[in-house]
Every structure is written in C-alpha cells, then in structure tokens.
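S.K.: This is the structure I want to talk about, given as structure tokens.
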Amino acid sequence: MATNKHALIRYRTIDKCLQNRTKRWTLQDLIDACSDALYEYEGKDAYVSKRTTQLDIQVLRSDKLGYNAPIIVYDRKYYTYEDEDFTITDIPLTTNDMDVLSESVEMLRQFKDFSLFNELNGVIQKLEDKIYRGGGSQSPIIHIEKNEHLKGLEHLDTLYQAIQKQIVLRLTYRSFKARSSNTFLFHGYILKEFNNRWFVVGRRNGNAQIYVFALDRIEQVEIDLKTDYVASDFDADTYYQDTIGVTVNNKIVDVEFWADRANAPYIKTKPLHHSQQILEEQKGGSIVFSIRVCHNFELERLLLGFGGALEVMKPLYLREIMIEKLEWAMKRYVQKK
C-alpha cells in the first residue's frame with residue numbers, strides 16, 4: 001500500500017478516536033489504534049512509531065493539508081478536540097479548492113467512454129453539486145480539445161479492458177488502402193492518442209512485429225478466450241522515443257531546419273521533438289534547429305504544416321520531398337484560380 005494511503009488511514013483513525021469522548025486518548029492509544037487500522041487494511045502487522053504519530057498530529061493541527069484540527073492535550077497526556085463537533089471529514093472547501101474541483105470535473109468528463117471512470121459518476125455528480133452550491137458554477141477555464149463524434153471511440157473501453165486483463169481480441173479491421181476488411185487475433189499492449197485520434201498498439205497472434213491500428217478503422221471487436229494472451233516487455237516510451245506520431249520504422253534521420261522570426265520562438269518554447277537542439281540563432285530572429293527522428297508521414301505533415309515559415313535544410317532527400325509536395329500544392333492552388 002502506498003505511503004500516502006497509509007498516512008490517510010492514520011489521519012482518519014486519529015480523527016475518529018478524538019471524536020470519541022467516551023475514552024481518554026493517550027499518545028500510545030493513538031499509536032495502537034493506527035497500527036490496528038493498518039493491520040485491518042493490509043492483513044499483516046504494521047506497527048506505527050511514536051514519531052510518526054506525533055508528526056501526524058502536527059500535520060492535522062497545521063494548514064499543510066487544510067485540516068487546522070483543534071487538537072489539544074489535557075492533564076498533560078490526553079488528546080482530544082477542543083471543538084466537540086470537529087472532524088476532518090467535514091472541512092469546508094476554499095475558493096481555490098472549488099476552482100480546482102471544477103476544472104478536475106471537466107477533465108474527468110473527457111474520459112466518459114472508459115468504464116474505468118463509470119465508478120466515478122456518482123462522485124463527479126456530488127462534486128458538481130458541491131461546486132454549484134459552493135458558488136463555483138462558472139464556465140470552465142481550461143478548454144480541452146476533443147471531438148466526441150470520432151469514429152471508433154465506442155471500442156475504447158473494450159480495448160482498454162482487454163489490455164488491462166490481458167485478453168486476446170479478434171479485430172475486424174479495414175485500412176484506408178484496403179479493398180476489404182481483414183479479421184485477425186490481436187494482443188493489445190497500449191492505447192495511444194495522437195492528434196486527437198486514437199490507436200491501439202500490439203502484436204497480431206503468432207507475429208513478433210508491432211502493429212498500430214487506428215480505432216476509426218476498426219469495424220468489430222470481439223473477445224477471444226480460447227487463445228492465450230502473450231505478455232510482452234513492450235515499453236511505449238522506448239518504442240516511441242525517436243518518433244513523432246504513431247508510425248515507427250528504422251529510418252532515423254538528423255533533420256536540420258530553418259524557422260523564420262515569427263515562428264522560431266514557438267518552436268523554441270514548444271520543441272517539435274525532445275531531441276530538438278538549436279544550431280544557430282541568426283540575425284533578425286530566425287533560428288536553425290535540428291531533431292533526430294524517425295522519417296514517417298507524421299514528420300512530413302508536421303514540417304509541411306508550417307508552410308513557408310519553415311525550410312528543411314538537411315537531409316537533402318527530405319528537402320527534395322518538401323519541395324515536390326509544396327510545388328504540387330502550389331499547382332493545385334494556381335489551377336483553382
């Protein structure tokens with residue numbers, strides 16, 4: 001059990017003890033009560049030290065966690081609440097608490113497609129009610145980009161549950177290039193979101209290659225309990241460390257590009273990739289950058305997205321690809337005049 005969970009259990013145990021005025025609570029009594037509570041939750045001995053209990057009392061008394069508990073000592077050894085009605089479970093929310101809760105509720109609602117969060121529905125409703133009654137019913141300050149009409153979102157929960165429980169899936173999938181759909185067994189490892197589009201990453205049954213499938217191209221998802229799930233040492237951070245987007249290949253390139261004065265500060269403060277470095281800061285405000293990444297469609301699309309504000313300098317073959325695509329785009333616009 002996590003240390004912070006231990007602390008929460010001790011705080012609530014001490015609070016419960018101090019509310020009980022039929023007993024006179026010594027420090028040792030509080031220590032024993034906390035130890036018993038931890039044993040009840042963990043099923044094994046979990047002795048709480050004197051020092052830990054003293055520090056817990058200090059935390060409860062302080063404003064560190066917002067409790068400000070009126071804990072007093074009488075007869076030099078007995079602990080109690082000066083206010084008979086006090087309990088840490090009924091601490092009023094501050095204005096800042098209300099603001100944080102309001103934004104948190106909005107963020108939680110972005111994940112409504114996951115059954116993982118279904119259990120939170122009642123909690124969220126209570127929070128909303130508390131926020132409303134507390135005067136925090138203002139429009140959201142944080143606006144998260146989302147598109148609730150994306151195809152494939154209905155598969156999110158099934159895929160998530162299968163990955164979590166290590167269950168093999170039978171996917172029916174049709175790529176944009178395929179004439180017909182294809183059905184196969186799939187061992188999912190992670191769900192990945194990129195550019196407001198969801199993907200599932202894993203291996204096809206009997207194949208060591210890593211595959212990435214877009215959820216909006218999945219036509220059907222079925223659970224296959226007859227096939228044993230093959231666990232993997234797949235690490236998403238390592239797998240995607242050289243990649244922008246979701247398409248991974250072995251073609252790693254060192255890209256050097258120039259950004260004009262208007263866009264250089266944005267690229268500087270929000271790097272295109274974690275490998276980004278500044279090669280030269282030129283007069284007038286333009287900057288030459290470098291990144292070491294996998295050459296994929298997503299990289300090309302990102303670079304082209306800056307239009308004339310960005311110029312690929314190296315490698316030469318990528319520069320020529322940019323020139324060809326920009327010339328093609330220019331012809332399209334000219335023809336439409």
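Here's how to read the names in the structure tokens: chain A, B, ... by the order shown, residue numbers from 1 in each chain, ligand numbers from 1 in the order shown.
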Excluding A:Asn68 and its own-chain neighbours fewer than 5 positions away, which residues fall within 12 Å of it when counting only C-alpha atoms? Please give them as a ChimeraX atom specification.
M.R.: /A:57-63,81-83,86-88,90-92
S.K.: For stretch 196-202 of chain A, work out the shell of residues within 6 Å, counting only C-alpha atoms and skipping chain neighbours fewer than 3 positions away, then give it as a ChimeraX atom specification.
M.R.: /A:187-193,210-215
S.K.: Could you check the closest approach to A:Val248 for each of A:Ile287, A:Ala262, A:Cys294, A:Leu38 and tell me which residue wins, using only C-alpha atoms?
M.R.: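 Checking each candidate against A:Val248, we get A:Cys294 as the closest.
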S.K.: Expressed in Å to a single decimal, how great is the separation between atom CA of A:Thr238 and atom CA of A:Leu302?
M.R.: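 Atom CA of A:Leu302 lies 21.6 Å from atom CA of A:Thr238.
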S.K.: Give me, as an NGL selection string, all polymer residues having an atom no more than 12 Å from A:Glu222, counting only C-alpha atoms and skipping those fewer than 3 positions away in the same chain.
M.R.: :A and (155 or 158-159 or 162 or 167-173 or 183-186 or 218-219 or 225-226)
S.K.: If I take atom CA of A:Val293 and atom CA of A:Arg217, how far is one from the other in Å, to one decimal?
M.R.: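 Taking atom CA of A:Val293 and atom CA of A:Arg217, their separation equals 26.5 Å.
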S.K.: Pull the strand (DSSP E or B) assignments for stretch 201-238 of chain A out of DSSP run on the backbone, and list those residues as a short mmCIF file (atom, residue, chain, number, x, y, z; two decimals) with N, CA and C atoms, in the first residue's frame.
M.R.:
```cif
data_model
loop_
_atom_site.label_atom_id
_atom_site.label_comp_id
_atom_site.auth_asym_id
_atom_site.auth_seq_id
_atom_site.Cartn_x
_atom_site.Cartn_y
_atom_site.Cartn_z
N VAL A 201 -1.98 -0.33 -29.97
CA VAL A 201 -0.67 -0.85 -30.35
C VAL A 201 -0.48 -2.24 -29.74
N GLY A 202 0.00 -3.17 -30.54
CA GLY A 202 0.22 -4.52 -30.04
C GLY A 202 0.74 -5.44 -31.12
N ARG A 203 0.54 -6.75 -30.94
CA ARG A 203 1.02 -7.74 -31.90
C ARG A 203 -0.13 -8.62 -32.40
N ARG A 204 -0.07 -8.98 -33.66
CA ARG A 204 -1.02 -9.96 -34.20
C ARG A 204 -0.60 -11.33 -33.70
N ILE A 210 5.40 -5.31 -34.19
CA ILE A 210 4.47 -4.39 -33.53
C ILE A 210 3.59 -3.74 -34.58
N TYR A 211 2.28 -3.76 -34.34
CA TYR A 211 1.31 -3.15 -35.25
C TYR A 211 0.58 -2.00 -34.54
N VAL A 212 0.19 -1.02 -35.34
CA VAL A 212 -0.59 0.11 -34.84
C VAL A 212 -1.87 0.21 -35.67
N PHE A 213 -3.00 0.13 -34.99
CA PHE A 213 -4.28 0.18 -35.69
C PHE A 213 -5.11 1.37 -35.19
N ALA A 214 -5.62 2.15 -36.14
CA ALA A 214 -6.48 3.30 -35.80
C ALA A 214 -7.86 2.80 -35.40
N ILE A 218 -11.41 0.30 -37.18
CA ILE A 218 -11.83 -0.99 -36.62
C ILE A 218 -13.33 -1.13 -36.79
N GLU A 219 -13.74 -2.19 -37.45
CA GLU A 219 -15.16 -2.41 -37.71
C GLU A 219 -15.84 -3.24 -36.61
N GLN A 220 -15.06 -4.16 -35.99
CA GLN A 220 -15.65 -5.01 -34.96
C GLN A 220 -14.57 -5.48 -33.99
N VAL A 221 -14.94 -5.59 -32.73
CA VAL A 221 -14.03 -6.08 -31.69
C VAL A 221 -14.74 -7.20 -30.93
N GLU A 222 -14.11 -8.36 -30.88
CA GLU A 222 -14.66 -9.49 -30.13
C GLU A 222 -13.60 -10.07 -29.21
N ILE A 223 -14.03 -10.58 -28.08
CA ILE A 223 -13.11 -11.19 -27.12
C ILE A 223 -12.90 -12.66 -27.50
N ASP A 224 -11.63 -13.10 -27.45
CA ASP A 224 -11.30 -14.50 -27.74
C ASP A 224 -10.66 -15.11 -26.50
#
```
S.K.: Would you compute the distance between atom CA of A:Phe234 and atom CA of A:Leu153? Give it in Å to one decimal.
M.R.: 23.9 Å
S.K.: Between A:Val230, A:Met322, A:Cys17, A:Val255, which is the closest to A:Ile163 once you count only C-alpha atoms?
M.R.: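 Smallest distance to A:Ile163 is found for A:Val230.
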S.K.: I need the residue nearest A:Val312 from this list: A:Phe257, A:Tyr79, A:Tyr229, A:Tyr239. Use only C-alpha atoms for the distance.
M.R.: A:Phe257
